[in-house]
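Enquirer: run09.tsv is reproduced in full below (TSV, all heavy atoms).
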chain	number	residue	atom	x	y	z
A	1	MET	N	121.28	59.39	151.57
A	1	MET	CA	120.66	58.48	150.63
A	1	MET	C	119.93	59.30	149.56
A	1	MET	O	119.04	60.07	149.87
A	1	MET	CB	119.68	57.59	151.38
A	1	MET	CG	118.95	56.63	150.52
A	1	MET	SD	118.03	55.51	151.57
A	1	MET	CE	116.55	55.36	150.63
A	2	ASN	N	120.31	59.13	148.32
A	2	ASN	CA	119.67	59.82	147.21
A	2	ASN	C	118.71	58.89	146.50
A	2	ASN	O	119.10	57.80	146.07
A	2	ASN	CB	120.72	60.33	146.21
A	2	ASN	CG	121.57	61.42	146.82
A	2	ASN	OD1	121.09	62.14	147.68
A	2	ASN	ND2	122.80	61.54	146.36
A	3	VAL	N	117.47	59.31	146.39
A	3	VAL	CA	116.44	58.51	145.71
A	3	VAL	C	116.08	59.23	144.41
A	3	VAL	O	115.82	60.44	144.44
A	3	VAL	CB	115.19	58.37	146.61
A	3	VAL	CG1	114.10	57.60	145.90
A	3	VAL	CG2	115.55	57.72	147.93
A	4	PRO	N	116.06	58.50	143.29
A	4	PRO	CA	115.67	59.15	142.03
A	4	PRO	C	114.22	59.65	142.11
A	4	PRO	O	113.37	59.05	142.77
A	4	PRO	CB	115.79	58.04	140.99
A	4	PRO	CG	116.58	56.95	141.63
A	4	PRO	CD	116.45	57.11	143.10
A	5	LEU	N	113.96	60.75	141.41
A	5	LEU	CA	112.63	61.35	141.45
A	5	LEU	C	111.57	60.40	140.91
A	5	LEU	O	110.49	60.28	141.47
A	5	LEU	CB	112.63	62.65	140.64
A	5	LEU	CG	111.30	63.38	140.55
A	5	LEU	CD1	110.82	63.79	141.93
A	5	LEU	CD2	111.42	64.58	139.65
A	6	TRP	N	111.89	59.67	139.85
A	6	TRP	CA	110.90	58.76	139.28
A	6	TRP	C	110.52	57.65	140.26
A	6	TRP	O	109.36	57.23	140.31
A	6	TRP	CB	111.38	58.17	137.96
A	6	TRP	CG	112.61	57.31	138.08
A	6	TRP	CD1	113.90	57.71	137.95
A	6	TRP	CD2	112.65	55.92	138.38
A	6	TRP	NE1	114.75	56.65	138.15
A	6	TRP	CE2	114.01	55.54	138.41
A	6	TRP	CE3	111.68	54.95	138.62
A	6	TRP	CZ2	114.41	54.23	138.67
A	6	TRP	CZ3	112.09	53.65	138.89
A	6	TRP	CH2	113.44	53.31	138.90
A	7	LEU	N	111.48	57.20	141.06
A	7	LEU	CA	111.18	56.16	142.04
A	7	LEU	C	110.31	56.70	143.17
A	7	LEU	O	109.36	56.04	143.60
A	7	LEU	CB	112.48	55.57	142.60
A	7	LEU	CG	112.33	54.46	143.62
A	7	LEU	CD1	111.58	53.28	143.02
A	7	LEU	CD2	113.68	54.03	144.14
A	8	ALA	N	110.62	57.90	143.63
A	8	ALA	CA	109.81	58.52	144.69
A	8	ALA	C	108.39	58.75	144.20
A	8	ALA	O	107.43	58.48	144.94
A	8	ALA	CB	110.46	59.82	145.14
A	9	LEU	N	108.22	59.24	142.97
A	9	LEU	CA	106.88	59.46	142.43
A	9	LEU	C	106.13	58.15	142.25
A	9	LEU	O	104.92	58.09	142.49
A	9	LEU	CB	106.97	60.21	141.10
A	9	LEU	CG	107.42	61.67	141.19
A	9	LEU	CD1	107.57	62.24	139.79
A	9	LEU	CD2	106.45	62.47	142.02
A	10	LEU	N	106.82	57.12	141.84
A	10	LEU	CA	106.19	55.82	141.68
A	10	LEU	C	105.69	55.27	143.01
A	10	LEU	O	104.56	54.79	143.11
A	10	LEU	CB	107.18	54.84	141.04
A	10	LEU	CG	106.66	53.43	140.78
A	10	LEU	CD1	105.61	53.47	139.69
A	10	LEU	CD2	107.79	52.52	140.39
A	11	VAL	N	106.51	55.37	144.06
A	11	VAL	CA	106.11	54.89	145.38
A	11	VAL	C	104.93	55.68	145.91
A	11	VAL	O	103.96	55.11	146.42
A	11	VAL	CB	107.31	54.95	146.35
A	11	VAL	CG1	106.88	54.72	147.79
A	11	VAL	CG2	108.37	53.95	145.94
A	12	VAL	N	104.99	57.01	145.79
A	12	VAL	CA	103.88	57.84	146.26
A	12	VAL	C	102.61	57.54	145.47
A	12	VAL	O	101.51	57.46	146.05
A	12	VAL	CB	104.25	59.34	146.16
A	12	VAL	CG1	103.05	60.22	146.37
A	12	VAL	CG2	105.34	59.67	147.17
A	13	GLY	N	102.73	57.34	144.17
A	13	GLY	CA	101.57	57.02	143.35
A	13	GLY	C	100.94	55.69	143.71
A	13	GLY	O	99.72	55.57	143.85
A	14	VAL	N	101.77	54.67	143.90
A	14	VAL	CA	101.24	53.34	144.26
A	14	VAL	C	100.58	53.38	145.63
A	14	VAL	O	99.48	52.84	145.82
A	14	VAL	CB	102.37	52.29	144.21
A	14	VAL	CG1	101.94	50.99	144.85
A	14	VAL	CG2	102.81	52.07	142.78
A	15	LEU	N	101.22	54.04	146.60
A	15	LEU	CA	100.61	54.14	147.93
A	15	LEU	C	99.32	54.94	147.90
A	15	LEU	O	98.35	54.59	148.58
A	15	LEU	CB	101.60	54.77	148.92
A	15	LEU	CG	102.76	53.90	149.34
A	15	LEU	CD1	103.72	54.68	150.23
A	15	LEU	CD2	102.27	52.65	150.05
A	16	GLY	N	99.29	56.00	147.10
A	16	GLY	CA	98.07	56.80	146.99
A	16	GLY	C	96.92	56.02	146.40
A	16	GLY	O	95.79	56.10	146.87
A	17	VAL	N	97.20	55.22	145.38
A	17	VAL	CA	96.14	54.42	144.76
A	17	VAL	C	95.66	53.35	145.72
A	17	VAL	O	94.46	53.09	145.83
A	17	VAL	CB	96.65	53.80	143.43
A	17	VAL	CG1	95.69	52.74	142.92
A	17	VAL	CG2	96.84	54.88	142.39
A	18	LYS	N	96.57	52.73	146.46
A	18	LYS	CA	96.16	51.67	147.39
A	18	LYS	C	95.40	52.22	148.59
A	18	LYS	O	94.46	51.59	149.07
A	18	LYS	CB	97.38	50.89	147.87
A	18	LYS	CG	97.94	49.96	146.83
A	18	LYS	CD	99.01	49.09	147.44
A	18	LYS	CE	99.52	48.08	146.45
A	18	LYS	NZ	98.64	46.95	146.29
A	19	LEU	N	95.79	53.38	149.09
A	19	LEU	CA	95.17	53.90	150.30
A	19	LEU	C	93.90	54.70	150.02
A	19	LEU	O	92.91	54.58	150.75
A	19	LEU	CB	96.17	54.78	151.06
A	19	LEU	CG	97.39	54.05	151.61
A	19	LEU	CD1	98.35	55.04	152.25
A	19	LEU	CD2	96.99	52.99	152.61
A	20	ILE	N	93.90	55.52	148.98
A	20	ILE	CA	92.76	56.42	148.73
A	20	ILE	C	91.73	55.77	147.81
A	20	ILE	O	90.55	56.07	147.91
A	20	ILE	CB	93.27	57.76	148.14
A	20	ILE	CG1	94.21	58.42	149.14
A	20	ILE	CG2	92.12	58.68	147.82
A	20	ILE	CD1	94.88	59.66	148.61
A	21	ARG	N	92.16	54.88	146.93
A	21	ARG	CA	91.27	54.20	145.99
A	21	ARG	C	90.46	55.14	145.09
A	21	ARG	O	89.24	55.09	145.05
A	21	ARG	CB	90.29	53.29	146.73
A	21	ARG	CG	90.89	52.08	147.32
A	21	ARG	CD	91.26	51.15	146.23
A	21	ARG	NE	91.59	49.82	146.74
A	21	ARG	CZ	92.15	48.93	145.99
A	21	ARG	NH1	92.43	49.21	144.75
A	21	ARG	NH2	92.45	47.76	146.48
A	22	PRO	N	91.16	56.04	144.34
A	22	PRO	CA	90.42	56.89	143.39
A	22	PRO	C	89.97	56.05	142.20
A	22	PRO	O	90.53	54.99	141.92
A	22	PRO	CB	91.46	57.93	142.98
A	22	PRO	CG	92.75	57.22	143.12
A	22	PRO	CD	92.59	56.29	144.30
A	23	PRO	N	88.95	56.51	141.48
A	23	PRO	CA	88.52	55.78	140.28
A	23	PRO	C	89.61	55.82	139.20
A	23	PRO	O	90.37	56.78	139.11
A	23	PRO	CB	87.27	56.52	139.82
A	23	PRO	CG	87.21	57.78	140.59
A	23	PRO	CD	88.12	57.67	141.76
A	24	TRP	N	89.67	54.77	138.39
A	24	TRP	CA	90.73	54.66	137.39
A	24	TRP	C	90.63	55.75	136.34
A	24	TRP	O	91.65	56.18	135.80
A	24	TRP	CB	90.70	53.28	136.74
A	24	TRP	CG	91.20	52.24	137.69
A	24	TRP	CD1	90.46	51.32	138.35
A	24	TRP	CD2	92.55	52.06	138.13
A	24	TRP	NE1	91.26	50.57	139.17
A	24	TRP	CE2	92.56	50.99	139.04
A	24	TRP	CE3	93.75	52.70	137.83
A	24	TRP	CZ2	93.72	50.56	139.66
A	24	TRP	CZ3	94.91	52.25	138.45
A	24	TRP	CH2	94.88	51.20	139.35
A	25	TRP	N	89.41	56.22	136.03
A	25	TRP	CA	89.28	57.27	135.02
A	25	TRP	C	89.91	58.56	135.53
A	25	TRP	O	90.48	59.32	134.76
A	25	TRP	CB	87.82	57.49	134.63
A	25	TRP	CG	86.93	57.95	135.74
A	25	TRP	CD1	86.17	57.16	136.53
A	25	TRP	CD2	86.74	59.28	136.19
A	25	TRP	NE1	85.51	57.93	137.46
A	25	TRP	CE2	85.83	59.24	137.27
A	25	TRP	CE3	87.24	60.52	135.80
A	25	TRP	CZ2	85.43	60.38	137.94
A	25	TRP	CZ3	86.83	61.66	136.48
A	25	TRP	CH2	85.94	61.58	137.52
A	26	LEU	N	89.85	58.82	136.84
A	26	LEU	CA	90.47	60.02	137.40
A	26	LEU	C	91.99	59.94	137.31
A	26	LEU	O	92.65	60.93	136.97
A	26	LEU	CB	90.02	60.21	138.85
A	26	LEU	CG	90.56	61.43	139.58
A	26	LEU	CD1	90.12	62.71	138.88
A	26	LEU	CD2	90.11	61.43	141.02
A	27	ILE	N	92.54	58.79	137.56
A	27	ILE	CA	93.99	58.60	137.43
A	27	ILE	C	94.42	58.82	135.99
A	27	ILE	O	95.41	59.51	135.72
A	27	ILE	CB	94.39	57.19	137.91
A	27	ILE	CG1	94.07	57.03	139.39
A	27	ILE	CG2	95.85	56.91	137.64
A	27	ILE	CD1	94.19	55.62	139.90
A	28	ALA	N	93.66	58.26	135.05
A	28	ALA	CA	94.00	58.41	133.63
A	28	ALA	C	93.91	59.87	133.20
A	28	ALA	O	94.78	60.36	132.46
A	28	ALA	CB	93.07	57.55	132.78
A	29	VAL	N	92.89	60.59	133.65
A	29	VAL	CA	92.73	62.00	133.29
A	29	VAL	C	93.88	62.83	133.85
A	29	VAL	O	94.43	63.70	133.16
A	29	VAL	CB	91.36	62.53	133.77
A	29	VAL	CG1	91.31	64.05	133.72
A	29	VAL	CG2	90.25	61.94	132.93
A	30	LEU	N	94.26	62.58	135.09
A	30	LEU	CA	95.37	63.33	135.70
A	30	LEU	C	96.69	63.05	135.00
A	30	LEU	O	97.47	63.98	134.74
A	30	LEU	CB	95.48	63.00	137.19
A	30	LEU	CG	94.38	63.56	138.08
A	30	LEU	CD1	94.53	63.04	139.50
A	30	LEU	CD2	94.38	65.07	138.05
A	31	LEU	N	96.96	61.80	134.68
A	31	LEU	CA	98.20	61.46	133.99
A	31	LEU	C	98.24	62.04	132.58
A	31	LEU	O	99.24	62.64	132.18
A	31	LEU	CB	98.38	59.94	133.93
A	31	LEU	CG	98.75	59.27	135.24
A	31	LEU	CD1	98.76	57.75	135.06
A	31	LEU	CD2	100.10	59.74	135.74
A	32	LEU	N	97.16	61.89	131.84
A	32	LEU	CA	97.12	62.41	130.48
A	32	LEU	C	97.14	63.94	130.48
A	32	LEU	O	97.84	64.55	129.68
A	32	LEU	CB	95.86	61.91	129.76
A	32	LEU	CG	95.73	62.31	128.31
A	32	LEU	CD1	96.88	61.74	127.50
A	32	LEU	CD2	94.40	61.84	127.76
A	33	GLY	N	96.41	64.55	131.40
A	33	GLY	CA	96.41	66.02	131.49
A	33	GLY	C	97.78	66.56	131.85
A	33	GLY	O	98.23	67.56	131.28
A	34	GLY	N	98.46	65.93	132.78
A	34	GLY	CA	99.81	66.36	133.15
A	34	GLY	C	100.79	66.20	132.01
A	34	GLY	O	101.64	67.07	131.78
A	35	TYR	N	100.65	65.11	131.28
A	35	TYR	CA	101.54	64.88	130.13
A	35	TYR	C	101.30	65.93	129.04
A	35	TYR	O	102.25	66.47	128.47
A	35	TYR	CB	101.30	63.48	129.57
A	35	TYR	CG	102.09	63.19	128.34
A	35	TYR	CD1	103.45	62.91	128.41
A	35	TYR	CD2	101.48	63.19	127.09
A	35	TYR	CE1	104.18	62.65	127.26
A	35	TYR	CE2	102.21	62.93	125.94
A	35	TYR	CZ	103.55	62.66	126.04
A	35	TYR	OH	104.27	62.40	124.91
A	36	LEU	N	100.04	66.22	128.77
A	36	LEU	CA	99.73	67.20	127.74
A	36	LEU	C	100.13	68.62	128.16
A	36	LEU	O	100.59	69.40	127.33
A	36	LEU	CB	98.24	67.15	127.39
A	36	LEU	CG	97.80	65.87	126.68
A	36	LEU	CD1	96.29	65.88	126.49
A	36	LEU	CD2	98.51	65.70	125.36
A	37	LEU	N	99.95	68.96	129.44
A	37	LEU	CA	100.35	70.29	129.91
A	37	LEU	C	101.87	70.46	129.87
A	37	LEU	O	102.37	71.55	129.61
A	37	LEU	CB	99.84	70.53	131.32
A	37	LEU	CG	98.42	71.04	131.44
A	37	LEU	CD1	98.04	71.15	132.90
A	37	LEU	CD2	98.24	72.35	130.74
A	38	ALA	N	102.60	69.40	130.15
A	38	ALA	CA	104.06	69.50	130.17
A	38	ALA	C	104.62	69.78	128.79
A	38	ALA	O	105.72	70.33	128.66
A	38	ALA	CB	104.66	68.21	130.73
A	39	ASP	N	103.89	69.42	127.75
A	39	ASP	CA	104.37	69.60	126.39
A	39	ASP	C	103.62	70.74	125.67
A	39	ASP	O	103.65	70.83	124.46
A	39	ASP	CB	104.21	68.30	125.60
A	39	ASP	CG	105.06	68.28	124.36
A	39	ASP	OD1	106.14	68.90	124.37
A	39	ASP	OD2	104.65	67.64	123.38
A	40	SER	N	102.95	71.60	126.43
A	40	SER	CA	102.15	72.65	125.81
A	40	SER	C	102.85	74.01	125.92
A	40	SER	O	103.94	74.12	126.47
A	40	SER	CB	100.79	72.73	126.49
A	40	SER	OG	100.93	73.27	127.79
A	41	LEU	N	102.19	75.02	125.41
A	41	LEU	CA	102.73	76.38	125.51
A	41	LEU	C	102.64	76.92	126.94
A	41	LEU	O	103.31	77.89	127.27
A	41	LEU	CB	101.95	77.31	124.57
A	41	LEU	CG	102.12	77.02	123.08
A	41	LEU	CD1	101.20	77.93	122.27
A	41	LEU	CD2	103.55	77.21	122.65
A	42	LEU	N	101.84	76.28	127.77
A	42	LEU	CA	101.70	76.71	129.17
A	42	LEU	C	102.81	76.19	130.06
A	42	LEU	O	102.89	76.60	131.23
A	42	LEU	CB	100.35	76.24	129.72
A	42	LEU	CG	99.12	76.83	129.06
A	42	LEU	CD1	97.88	76.17	129.63
A	42	LEU	CD2	99.07	78.32	129.25
A	43	ALA	N	103.66	75.32	129.57
A	43	ALA	CA	104.70	74.73	130.39
A	43	ALA	C	105.63	75.79	131.03
A	43	ALA	O	105.92	75.68	132.22
A	43	ALA	CB	105.51	73.73	129.58
A	44	PRO	N	106.10	76.81	130.30
A	44	PRO	CA	106.95	77.82	130.97
A	44	PRO	C	106.20	78.60	132.06
A	44	PRO	O	106.77	78.96	133.08
A	44	PRO	CB	107.37	78.76	129.83
A	44	PRO	CG	107.21	77.95	128.60
A	44	PRO	CD	106.08	77.02	128.86
A	45	VAL	N	104.91	78.84	131.85
A	45	VAL	CA	104.13	79.57	132.85
A	45	VAL	C	103.98	78.72	134.11
A	45	VAL	O	104.16	79.20	135.23
A	45	VAL	CB	102.73	79.94	132.28
A	45	VAL	CG1	101.87	80.59	133.33
A	45	VAL	CG2	102.89	80.84	131.07
A	46	ILE	N	103.68	77.44	133.93
A	46	ILE	CA	103.53	76.55	135.08
A	46	ILE	C	104.87	76.39	135.79
A	46	ILE	O	104.94	76.39	137.02
A	46	ILE	CB	103.00	75.17	134.60
A	46	ILE	CG1	101.60	75.33	134.04
A	46	ILE	CG2	103.01	74.16	135.73
A	46	ILE	CD1	101.07	74.12	133.32
A	47	ASN	N	105.95	76.29	135.03
A	47	ASN	CA	107.28	76.15	135.61
A	47	ASN	C	107.66	77.37	136.44
A	47	ASN	O	108.29	77.25	137.49
A	47	ASN	CB	108.30	75.90	134.53
A	47	ASN	CG	109.63	75.46	135.09
A	47	ASN	OD1	109.68	74.89	136.17
A	47	ASN	ND2	110.69	75.71	134.36
A	48	SER	N	107.26	78.56	136.01
A	48	SER	CA	107.60	79.77	136.77
A	48	SER	C	106.86	79.80	138.11
A	48	SER	O	107.39	80.34	139.08
A	48	SER	CB	107.29	81.02	135.95
A	48	SER	OG	105.89	81.16	135.78
A	49	PHE	N	105.67	79.23	138.17
A	49	PHE	CA	104.94	79.17	139.44
A	49	PHE	C	105.53	78.12	140.38
A	49	PHE	O	105.46	78.27	141.60
A	49	PHE	CB	103.46	78.84	139.22
A	49	PHE	CG	102.67	80.02	138.74
A	49	PHE	CD1	102.07	79.99	137.50
A	49	PHE	CD2	102.54	81.14	139.52
A	49	PHE	CE1	101.33	81.07	137.04
A	49	PHE	CE2	101.82	82.23	139.08
A	49	PHE	CZ	101.20	82.19	137.83
A	50	LEU	N	106.12	77.07	139.83
A	50	LEU	CA	106.65	75.99	140.65
A	50	LEU	C	108.04	76.28	141.19
A	50	LEU	O	108.49	75.62	142.11
A	50	LEU	CB	106.68	74.68	139.85
A	50	LEU	CG	105.30	74.14	139.46
A	50	LEU	CD1	105.46	72.88	138.62
A	50	LEU	CD2	104.47	73.85	140.69
A	51	GLU	N	108.73	77.24	140.62
A	51	GLU	CA	110.09	77.53	141.10
A	51	GLU	C	110.08	78.48	142.26
A	51	GLU	O	109.24	79.19	142.56
A	51	GLU	CB	110.93	78.11	139.97
A	51	GLU	CG	111.26	77.08	138.95
A	51	GLU	CD	112.14	77.64	137.85
A	51	GLU	OE1	112.29	78.88	137.75
A	51	GLU	OE2	112.68	76.85	137.09
Using the file provided, produce a representation of the structure as structure tokens.
Expert:
Amino acid sequence: MNVPLWLALLVVGVLGVKLIRPPWWLIAVLLLGGYLLADSLLAPVINSFLE
């Protein structure tokens, strides 16, 4: 069974929010920070650590 990455991340995100109950500002900061880092000059450096 192959599950798309976006679906797996969505399920994990929804379960994490329901179970852990982090504040909404923390969720917004993490999402915005991840989006900005993915499009920055640091993206190749981060990618080399993740591989």
Enquirer: Quick one: distance from OD2 of Asp39 in chain A to atom N of Leu7 in chain A in Å, one decimal?
Expert: 21.6 Å
Enquirer: Expressed in Å to a single decimal, how great is the separation between atom C of Val17 in chain A and atom C of Gly33 in chain A?
Expert: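 Taking atom C of Val17 in chain A as the start and atom C of Gly33 in chain A as the end point, the length is 19.3 Å.
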Enquirer: Rounded to one decimal place, report the CD1 of Ile46 in chain A-atom C of Gly34 in chain A distance in Å.
Expert: 8.0 Å
Enquirer: Pull the helix (DSSP H, G or I) assignments for range 5-51 of chain A out of DSSP run on the backbone, and list those residues as a ChimeraX atom specification.
Expert: /A:5-20,24-38,43-50
Enquirer: Would you compute an axis-aligned box for range 13-32 of chain A, covering every atom listed for it in the file with 5 Å of margin on each side, and report centre and edge lengths in Å to one decimal as AutoDock Vina command-line options?
Expert:
--center_x 94.6 --center_y 56.0 --center_z 140.1 --size_x 28.3 --size_y 28.1 --size_z 35.1
